[in-house]
file upload_5.cif (mmCIF, C-alpha atoms)
data_structure
loop_
_atom_site.label_atom_id
_atom_site.label_comp_id
_atom_site.auth_asym_id
_atom_site.auth_seq_id
_atom_site.Cartn_x
_atom_site.Cartn_y
_atom_site.Cartn_z
CA MET K 321 0.00 0.00 0.00
CA LYS K 322 1.30 3.37 -0.89
CA LEU K 323 2.13 6.26 1.37
CA ARG K 324 -0.98 8.14 0.25
CA ASN K 325 -3.27 5.33 1.32
CA TRP K 326 -1.52 5.04 4.67
CA SER K 327 -1.95 8.76 5.28
CA LEU K 328 -5.67 8.47 4.48
CA LEU K 329 -5.98 5.75 7.13
CA ALA K 330 -3.93 7.80 9.60
CA GLY K 331 -6.33 10.71 9.04
CA VAL K 332 -9.34 8.54 9.91
CA ILE K 333 -7.68 7.24 13.05
CA LEU K 334 -6.65 10.73 14.16
CA LEU K 335 -10.19 12.04 13.66
CA ALA K 336 -11.49 9.31 15.97
CA VAL K 337 -8.73 9.51 18.58
CA LEU K 338 -8.42 13.29 19.00
CA PRO K 339 -11.92 13.78 20.47
CA LEU K 340 -11.26 10.91 22.88
CA ALA K 341 -8.00 12.54 23.98
CA PHE K 342 -9.24 16.10 24.34
CA ILE K 343 -12.77 15.81 25.63
CA HIS K 344 -12.99 14.90 29.26
CA LYS K 345 -15.85 13.90 31.42
CA PRO K 346 -17.37 16.96 33.09
CA ALA K 347 -17.58 17.02 36.87
CA PRO K 348 -20.64 15.28 38.32
CA GLY K 349 -23.72 17.51 38.29
CA PRO K 350 -25.16 19.20 41.39
CA ASP K 351 -27.20 16.08 42.08
CA GLY K 352 -23.98 14.07 42.34
CA GLN K 353 -24.93 12.03 39.26
CA GLU K 354 -22.09 11.03 36.96
CA ARG K 355 -22.48 12.67 33.57
CA GLU K 356 -21.95 10.53 30.55
CA ILE K 357 -20.05 11.56 27.47
CA PHE K 358 -19.86 10.03 24.02
CA THR K 359 -23.46 8.90 24.12
CA GLY K 360 -25.28 8.32 20.85
CA SER K 361 -26.61 11.37 19.01
CA ASP K 362 -29.79 9.40 18.25
CA ASP K 363 -30.55 9.22 21.96
CA GLN K 364 -29.81 12.92 22.36
CA ALA K 365 -32.30 13.65 19.58
CA SER K 366 -34.92 11.59 21.40
CA ALA K 367 -34.23 13.64 24.52
CA ALA K 368 -34.56 16.85 22.50
CA ILE K 369 -37.95 15.69 21.22
CA SER K 370 -39.12 15.15 24.79
CA SER K 371 -38.01 18.67 25.73
CA LEU K 372 -39.60 20.30 22.65
CA ASP K 373 -42.89 18.48 23.03
CA PRO K 374 -43.23 17.07 26.54
CA ALA K 375 -46.71 15.81 25.70
CA TYR K 376 -45.43 13.58 22.90
CA ARG K 377 -45.81 9.91 23.67
CA ARG K 378 -43.72 7.37 21.86
CA TRP K 379 -46.30 5.27 20.03
CA ALA K 380 -44.28 2.34 18.78
CA HIS K 381 -41.52 0.21 20.24
CA PRO K 382 -38.89 -1.91 18.54
CA VAL K 383 -40.05 -5.45 17.73
CA PHE K 384 -36.87 -6.82 19.22
CA GLU K 385 -34.62 -5.05 21.64
CA PRO K 386 -31.13 -6.39 22.40
CA ALA K 387 -31.18 -7.68 25.97
CA SER K 388 -28.25 -5.50 27.06
CA SER K 389 -25.69 -3.12 25.63
CA GLU K 390 -23.34 -6.09 25.42
CA ILE K 391 -25.75 -7.92 23.12
CA GLU K 392 -26.21 -4.73 21.14
CA SER K 393 -22.49 -4.37 20.56
CA LEU K 394 -22.38 -8.03 19.57
CA LEU K 395 -24.95 -7.36 16.86
CA PHE K 396 -23.19 -4.21 15.68
CA ALA K 397 -19.93 -6.16 15.49
CA LEU K 398 -21.76 -8.81 13.48
CA GLN K 399 -22.99 -6.17 11.05
CA ALA K 400 -19.48 -4.77 10.57
CA ALA K 401 -18.04 -8.29 10.27
CA LEU K 402 -20.48 -9.15 7.48
CA GLY K 403 -19.41 -6.08 5.55
CA ALA K 404 -15.72 -6.62 6.25
CA GLY K 405 -15.99 -10.25 5.12
CA VAL K 406 -17.36 -9.24 1.74
CA ILE K 407 -14.75 -6.50 1.26
CA GLY K 408 -11.97 -8.89 2.31
CA TYR K 409 -13.20 -11.52 -0.16
CA TRP K 410 -13.25 -8.94 -2.94
CA LEU K 411 -9.74 -7.70 -2.12
CA GLY K 412 -8.38 -11.26 -2.04
CA VAL K 413 -10.00 -12.17 -5.36
CA SER K 414 -8.84 -8.92 -6.96
CA MET K 415 -5.22 -9.24 -5.83
CA THR K 416 -4.99 -12.85 -6.99
CA ARG K 417 -6.58 -11.96 -10.30
CA GLU K 418 -4.09 -9.18 -10.87
CA LYS K 419 -1.18 -11.43 -9.95
CA LEU K 420 -2.33 -14.13 -12.38
CA ARG K 421 -2.88 -11.56 -15.10
CA ARG K 422 0.65 -10.29 -14.62
CA GLU K 423 2.10 -13.82 -14.72
CA VAL K 424 0.28 -14.59 -17.95
CA ALA K 425 1.50 -11.34 -19.47
CA ALA K 426 5.07 -12.13 -18.41
CA GLU K 427 4.82 -15.63 -19.93
CA GLN K 428 3.53 -14.25 -23.19
CA ALA K 429 6.33 -11.71 -23.26
CA THR K 430 8.87 -14.48 -22.70
CA GLU K 431 7.37 -16.59 -25.48
CA GLN K 432 7.46 -13.72 -27.93
CA THR K 433 10.96 -12.46 -27.29
CA GLY K 434 12.54 -15.51 -25.77
CA LEU K 435 13.75 -13.29 -22.97
CA PRO K 436 12.17 -12.92 -19.53
CA ARG K 437 10.75 -9.45 -19.18
CA HIS K 438 8.77 -7.62 -16.56
CA ALA K 439 5.13 -7.12 -17.29
CA ASP K 440 3.82 -3.60 -16.91
CA MET E 1251 -29.14 9.74 12.10
CA HIS E 1252 -31.72 7.06 12.69
CA ILE E 1253 -34.99 8.42 13.97
CA MET E 1254 -35.95 5.93 16.64
CA GLU E 1255 -39.00 3.73 16.54
CA GLY E 1256 -42.13 5.63 17.51
CA PHE E 1257 -40.43 9.02 17.62
CA LEU E 1258 -42.20 10.43 14.58
CA PRO E 1259 -45.96 11.13 14.46
CA ALA E 1260 -47.88 8.57 12.41
CA GLY E 1261 -48.81 11.07 9.68
CA HIS E 1262 -45.15 11.90 9.09
CA CYS E 1263 -44.21 8.21 9.04
CA ILE E 1264 -46.76 7.54 6.33
CA ALA E 1265 -45.79 10.59 4.28
CA TRP E 1266 -42.07 9.73 4.30
CA GLY E 1267 -42.90 6.10 3.56
CA VAL E 1268 -44.98 7.14 0.55
CA ALA E 1269 -42.18 9.45 -0.60
CA ALA E 1270 -39.55 6.70 -0.33
CA THR E 1271 -41.47 3.90 -2.07
CA PRO E 1272 -41.07 5.00 -5.71
CA PHE E 1273 -37.33 5.47 -5.20
CA LEU E 1274 -37.11 1.95 -3.82
CA ALA E 1275 -39.08 0.48 -6.72
CA PHE E 1276 -37.08 2.43 -9.29
CA GLY E 1277 -33.81 1.51 -7.55
CA VAL E 1278 -34.61 -2.22 -7.55
CA ARG E 1279 -35.41 -2.06 -11.28
CA SER E 1280 -32.27 -0.10 -12.07
CA VAL E 1281 -30.04 -2.51 -10.12
CA ASN E 1282 -31.65 -5.57 -11.74
CA ARG E 1283 -31.21 -4.13 -15.21
CA ARG E 1284 -27.56 -3.29 -14.54
CA ILE E 1285 -26.80 -6.79 -13.27
CA ARG E 1286 -28.60 -8.43 -16.18
CA GLU E 1287 -26.65 -6.35 -18.71
CA LYS E 1288 -23.29 -6.68 -16.97
CA PRO E 1289 -23.19 -9.63 -14.55
CA GLU E 1290 -19.51 -8.87 -13.81
CA LEU E 1291 -20.67 -5.82 -11.83
CA ARG E 1292 -22.28 -8.04 -9.20
CA MET E 1293 -19.13 -8.12 -7.11
CA LEU E 1294 -18.81 -4.31 -7.11
CA LEU E 1295 -22.43 -4.01 -6.03
CA GLY E 1296 -21.58 -6.34 -3.16
CA VAL E 1297 -18.62 -4.13 -2.25
CA ALA E 1298 -20.81 -1.01 -2.26
CA ALA E 1299 -23.39 -2.71 -0.01
CA ALA E 1300 -20.69 -4.13 2.28
CA PHE E 1301 -19.19 -0.66 2.62
CA VAL E 1302 -22.55 0.66 3.88
CA PHE E 1303 -22.77 -2.28 6.30
CA ILE E 1304 -19.37 -1.57 7.81
CA LEU E 1305 -19.58 2.20 7.98
CA SER E 1306 -23.07 2.37 9.43
CA ALA E 1307 -22.01 -0.04 12.18
CA LEU E 1308 -19.07 2.11 13.27
CA LYS E 1309 -20.14 4.48 15.99
CA LEU E 1310 -17.32 6.98 16.18
CA PRO E 1311 -16.60 9.62 18.81
CA SER E 1312 -16.85 13.22 17.67
CA VAL E 1313 -15.73 16.68 18.78
CA THR E 1314 -19.11 17.41 20.36
CA GLY E 1315 -18.54 14.65 22.91
CA SER E 1316 -21.17 12.41 21.44
CA CYS E 1317 -21.06 9.46 19.08
CA SER E 1318 -22.57 8.89 15.70
CA HIS E 1319 -21.85 6.81 12.63
CA PRO E 1320 -21.05 7.46 8.97
CA THR E 1321 -23.43 6.19 6.29
CA GLY E 1322 -21.17 4.74 3.60
CA THR E 1323 -23.69 5.48 0.85
CA GLY E 1324 -21.47 7.83 -1.16
CA LEU E 1325 -19.37 5.05 -2.70
CA GLY E 1326 -22.33 3.19 -4.17
CA ALA E 1327 -23.91 6.41 -5.41
CA ILE E 1328 -20.71 7.28 -7.29
CA LEU E 1329 -20.40 3.77 -8.75
CA PHE E 1330 -23.99 2.86 -9.56
CA GLY E 1331 -25.87 6.15 -9.44
CA PRO E 1332 -28.04 7.38 -6.59
CA ALA E 1333 -31.08 5.22 -7.40
CA ALA E 1334 -29.16 2.01 -6.65
CA MET E 1335 -28.61 3.09 -3.07
CA ALA E 1336 -32.32 3.06 -2.17
CA PRO E 1337 -32.55 -0.77 -2.07
CA ILE E 1338 -29.14 -1.11 -0.40
CA GLY E 1339 -30.03 1.49 2.24
CA PHE E 1340 -33.37 -0.24 2.71
CA VAL E 1341 -31.70 -3.56 3.51
CA VAL E 1342 -29.28 -1.97 6.00
CA LEU E 1343 -32.00 0.07 7.72
CA LEU E 1344 -34.28 -2.96 7.94
CA PHE E 1345 -31.46 -5.04 9.45
CA GLN E 1346 -30.80 -2.37 12.06
CA ALA E 1347 -34.49 -1.78 12.81
CA LEU E 1348 -35.26 -5.48 13.28
CA LEU E 1349 -32.14 -6.73 15.03
CA LEU E 1350 -30.51 -3.74 16.68
CA ALA E 1351 -33.50 -1.65 17.82
CA HIS E 1352 -31.68 1.09 15.90
CA GLY E 1353 -34.06 3.20 13.85
CA GLY E 1354 -37.43 1.53 13.43
CA LEU E 1355 -40.09 0.10 11.16
CA THR E 1356 -42.41 3.10 11.59
CA THR E 1357 -39.55 5.50 10.84
CA LEU E 1358 -38.10 3.37 8.03
CA GLY E 1359 -39.51 5.65 5.32
CA ALA E 1360 -38.11 8.81 6.92
CA ASN E 1361 -34.72 7.20 7.51
CA MET E 1362 -34.66 5.96 3.93
CA VAL E 1363 -35.32 9.46 2.62
CA SER E 1364 -32.33 10.84 4.54
CA MET E 1365 -29.80 8.01 4.28
CA ALA E 1366 -30.74 6.03 1.18
CA ILE E 1367 -32.12 8.81 -1.03
CA ALA E 1368 -31.05 12.38 -0.12
CA GLY E 1369 -27.46 11.52 0.84
CA PRO E 1370 -26.75 9.45 -2.29
CA PHE E 1371 -28.34 12.06 -4.58
CA VAL E 1372 -26.18 14.80 -3.05
CA SER E 1373 -23.09 12.58 -3.36
CA TYR E 1374 -23.82 11.85 -6.99
CA ALA E 1375 -24.50 15.51 -7.84
CA ILE E 1376 -21.30 16.68 -6.12
CA PHE E 1377 -19.28 13.97 -7.87
CA ARG E 1378 -20.54 14.99 -11.29
CA LEU E 1379 -20.16 18.69 -10.56
CA ALA E 1380 -16.59 18.29 -9.26
CA GLY E 1381 -15.74 16.24 -12.35
CA LYS E 1382 -17.16 18.96 -14.61
CA CYS E 1383 -15.07 21.59 -12.80
CA GLY E 1384 -11.98 19.54 -13.60
CA ALA E 1385 -11.27 18.38 -10.04
CA PRO E 1386 -9.04 15.28 -9.77
CA GLN E 1387 -11.09 12.11 -9.34
CA GLY E 1388 -9.81 11.52 -5.80
CA LEU E 1389 -10.93 14.97 -4.66
CA ALA E 1390 -14.31 14.52 -6.36
CA VAL E 1391 -14.81 11.21 -4.51
CA PHE E 1392 -13.82 12.80 -1.20
CA LEU E 1393 -16.18 15.76 -1.57
CA ALA E 1394 -19.03 13.56 -2.78
CA ALA E 1395 -18.79 11.13 0.15
CA THR E 1396 -18.25 13.83 2.78
CA LEU E 1397 -21.04 16.15 1.68
CA GLY E 1398 -23.46 13.28 1.02
CA ASP E 1399 -22.91 12.05 4.58
CA LEU E 1400 -23.50 15.55 5.98
CA ALA E 1401 -26.59 15.99 3.81
CA THR E 1402 -28.10 12.85 5.33
CA TYR E 1403 -27.85 14.33 8.81
CA VAL E 1404 -29.10 17.75 7.72
CA VAL E 1405 -32.18 16.06 6.21
CA THR E 1406 -32.77 14.10 9.43
CA SER E 1407 -32.61 17.37 11.39
CA GLY E 1408 -35.15 18.86 8.98
CA GLN E 1409 -37.47 15.86 9.31
CA LEU E 1410 -37.43 16.11 13.10
CA ALA E 1411 -37.88 19.90 13.01
CA LEU E 1412 -40.93 19.48 10.75
CA ALA E 1413 -42.46 17.03 13.19
CA PHE E 1414 -41.45 18.90 16.34
CA PRO E 1415 -41.28 22.65 15.70
CA ASP E 1416 -40.05 24.72 18.61
CA PRO E 1417 -43.00 26.19 20.57
CA ALA E 1418 -41.37 29.65 20.42
CA GLY E 1419 -39.03 29.67 17.42
CA GLY E 1420 -40.94 27.32 15.11
CA PHE E 1421 -39.26 25.20 12.46
CA THR E 1422 -36.04 27.23 12.27
CA ALA E 1423 -35.23 27.11 15.98
CA SER E 1424 -36.01 23.41 16.12
CA PHE E 1425 -33.98 22.73 12.98
CA LEU E 1426 -30.98 24.50 14.54
CA LYS E 1427 -31.41 22.46 17.70
CA PHE E 1428 -31.49 19.11 15.92
CA GLY E 1429 -28.78 20.32 13.55
CA GLY E 1430 -26.60 21.05 16.58
CA ILE E 1431 -27.09 17.48 17.77
CA PHE E 1432 -26.68 15.74 14.42
CA ALA E 1433 -24.90 17.87 11.84
CA ILE E 1434 -22.13 19.35 14.01
CA THR E 1435 -21.33 15.95 15.48
CA GLN E 1436 -21.25 14.61 11.98
CA ILE E 1437 -18.64 17.00 10.48
CA PRO E 1438 -15.51 15.04 11.53
CA LEU E 1439 -17.26 11.73 10.85
CA ALA E 1440 -18.21 12.93 7.38
CA ILE E 1441 -14.54 13.76 6.75
CA SER E 1442 -13.61 10.25 7.95
CA GLU E 1443 -16.15 8.79 5.56
CA GLY E 1444 -14.68 10.88 2.74
CA LEU E 1445 -11.16 9.60 3.48
CA LEU E 1446 -12.30 5.96 3.72
CA THR E 1447 -14.24 6.26 0.47
CA VAL E 1448 -11.14 7.61 -1.32
CA LEU E 1449 -9.18 4.69 0.13
CA ILE E 1450 -11.52 2.05 -1.23
CA PHE E 1451 -11.95 3.93 -4.51
CA ASN E 1452 -8.16 3.84 -4.97
CA ALA E 1453 -8.31 0.06 -4.56
CA LEU E 1454 -11.18 -0.17 -7.04
CA ARG E 1455 -9.23 1.87 -9.54
CA ARG E 1456 -6.28 -0.44 -9.24
CA PHE E 1457 -8.07 -3.79 -9.23
CA ASN E 1458 -11.29 -3.14 -11.11
CA ALA E 1459 -10.28 -0.77 -13.87
CA ARG E 1460 -12.41 -2.68 -16.41
CA GLU E 1461 -15.53 -2.61 -14.28
CA LEU E 1462 -15.07 1.10 -13.61
CA LEU E 1463 -14.77 1.61 -17.35
CA ALA E 1464 -18.05 -0.26 -17.80
CA LEU E 1465 -19.59 2.13 -15.27
CA GLY E 1466 -18.24 5.15 -17.13
CA LEU E 1467 -15.69 5.97 -14.43
CA GLY E 1468 -12.58 4.76 -16.16
CA ARG E 1469 -10.74 7.91 -17.03
CA SER E 1470 -8.65 9.46 -14.36
CA LYS E 1471 -8.43 13.22 -14.56
CA THR E 1472 -4.84 13.22 -13.42
CA GLY E 1473 -3.97 11.10 -16.43
CA GLU E 1474 -2.02 8.45 -14.55
CA ALA E 1475 -3.15 4.93 -13.84
CA ALA E 1476 -3.10 5.69 -10.11
#
call {"tool": "encode", "arguments": {"input": "upload_5.cif", "output": "C-alpha cells"}}
result
Amino acid sequence: MKLRNWSLLAGVILLAVLPLAFIHKPAPGPDGQEREIFTGSDDQASAAISSLDPAYRRWAHPVFEPASSEIESLLFALQAALGAGVIGYWLGVSMTREKLRREVAAEQATEQTGLPRHAD
Amino acid sequence: MHIMEGFLPAGHCIAWGVAATPFLAFGVRSVNRRIREKPELRMLLGVAAAFVFILSALKLPSVTGSCSHPTGTGLGAILFGPAAMAPIGFVVLLFQALLLAHGGLTTLGANMVSMAIAGPFVSYAIFRLAGKCGAPQGLAVFLAATLGDLATYVVTSGQLALAFPDPAGGFTASFLKFGGIFAITQIPLAISEGLLTVLIFNALRRFNARELLALGLGRSKTGEAA
C-alpha cells in the first residue's frame, strides 16, 4: 500500500482519537450524578424531542430489543463483520486476479521475445 | 441519524414512507437491469453494499462529545448512481431496525429518505459537478462522500424539526437544535467517511479498472493509472 493510502488511514484514526483525547468527562452535576459523554446522538435527539414536546408519547416500540448493551455491541460487530468479510473476499480475489494476469503477461512476453521481461 | 422507533408522528411516518417507495421500486429495477446487462458488476455491487454495512455499524466519537456513525452510501452512489442506493439502504436500515433496535419500522420511510435517497443524490450531484469543474477524481470522490454524509444528517434534522417545531421559534429554531445534535457531530465523521471512500476507490481503480470503465468511471483526470 502506498504512502498516500496510509496517510488516508492515519487521518481517519486521528479524527477518531483526537476527540477521545481532548474531551474529558465533566464534573458530576449538582445532584452528584455522573455525567456521561460520548453517548449516541440518536438518543440525544430523542431527549430533544421530549423537551420540545413534553406531551409527545412514543407510540411504537422496537419489535426486538437487544437484551443488554453487550448484546447490542455483539450485533453491531456482526454487522461490521459481514461487511468486512465481503470486502476482504473482494480484495483477495482482486489481488490474486491481478497477480495471475501479470504472470500470464510475463509468460507471453517471454514466449514472444525468448527473454524474460517484466510485465507492466 | 436514525430516527428511533415511535419518535415520529404517524402522519409523518406515512408521508415519508410514501415518498420513499417510488425510489425503492425504481432503484430495484435499475439494479436488476444493470446486473442483467453486466453480470460482472455483481461483485462491485456487493462491495458497495458491504461498505454501507461496515460504515453504518461504526459508531465513532466526535468533537461534540457524542457518538454517531457514517453512512457509507457515497461510494455506491458514485459507482452505480443514486437510485441504486435506495434498495441497499433499505436492507441496512431494515437489518438495524429489526435486530438492533436502531431506527425503526415506523420510521423506516423517513430514515430511507435521509440516508438512502437524499445523501446518495447529493453525493452523486457533487461527484458529477466536481468532475465537470476539472477536479481530480480523488478529490471529487472525497467531496461527494463527505457532503453526502453531511446531507443525510441535515435532512434528518429537517425531518425532526418538521415534526417537532419549537413552541417559540418554530421550524427554524427546532432545525438548529437538531442540527446542533446531528450535523455538528457529523462533520468530523463525514470527513472520515470521505477519506475511507477515497481509500476504497483507490483500490477499485487499481483492481477493477475494467468494471469502472463499464460504469463510465474509467478515465482518471490526473492522467495516470493511479
call {"tool": "resolve_selection", "arguments": {"input": "upload_5.cif", "expression": "the PyMOL selection byres ((chain E and resi 1374) around 8)", "output": "PyMOL selection string"}}
result
chain E and resi 1324+1327-1328+1331-1332+1370-1373+1375-1378+1394
call {"tool": "closest_residue", "arguments": {"input": "upload_5.cif", "among": "E:Leu1310, E:Leu1462, E:Leu1445, E:Ile1434", "to": "Ala1390 of chain E", "atoms": "all atoms listed in the file"}}
result
E:Leu1445
call {"tool": "residues_around", "arguments": {"input": "upload_5.cif", "residues": "Val406 of chain K", "least_positions_apart": "5", "cutoff": "9 Å", "atoms": "only C-alpha atoms", "output": "ChimeraX atom specification"}}
result
/K:401,411 /E:1296-1297,1300-1301
call {"tool": "interface_residues", "arguments": {"input": "upload_5.cif", "of": "chain K", "to": "chain E", "cutoff": "8 Å", "atoms": "all atoms listed in the file", "output": "PyMOL selection string"}}
result
chain K and resi 325+328-329+331-332+335-337+339-340+343+357-362+364-366+368-369+372-373+378-386+392+395-397+399-404+406-407+410+414-415+418
call {"tool": "axis_aligned_box", "arguments": {"input": "upload_5.cif", "around": "segment 1333-1337 of chain E", "padding_each_side": "4 Å", "output": "JSON"}}
result
{"center_x": -30.6, "center_y": 2.2, "center_z": -4.7, "size_x": 11.9, "size_y": 14.0, "size_z": 13.3}
call {"tool": "atom_distance", "arguments": {"input": "upload_5.cif", "atom1": "atom CA of Gly1277 of chain E", "atom2": "atom CA of Ala1334 of chain E"}}
result
4.8 Å
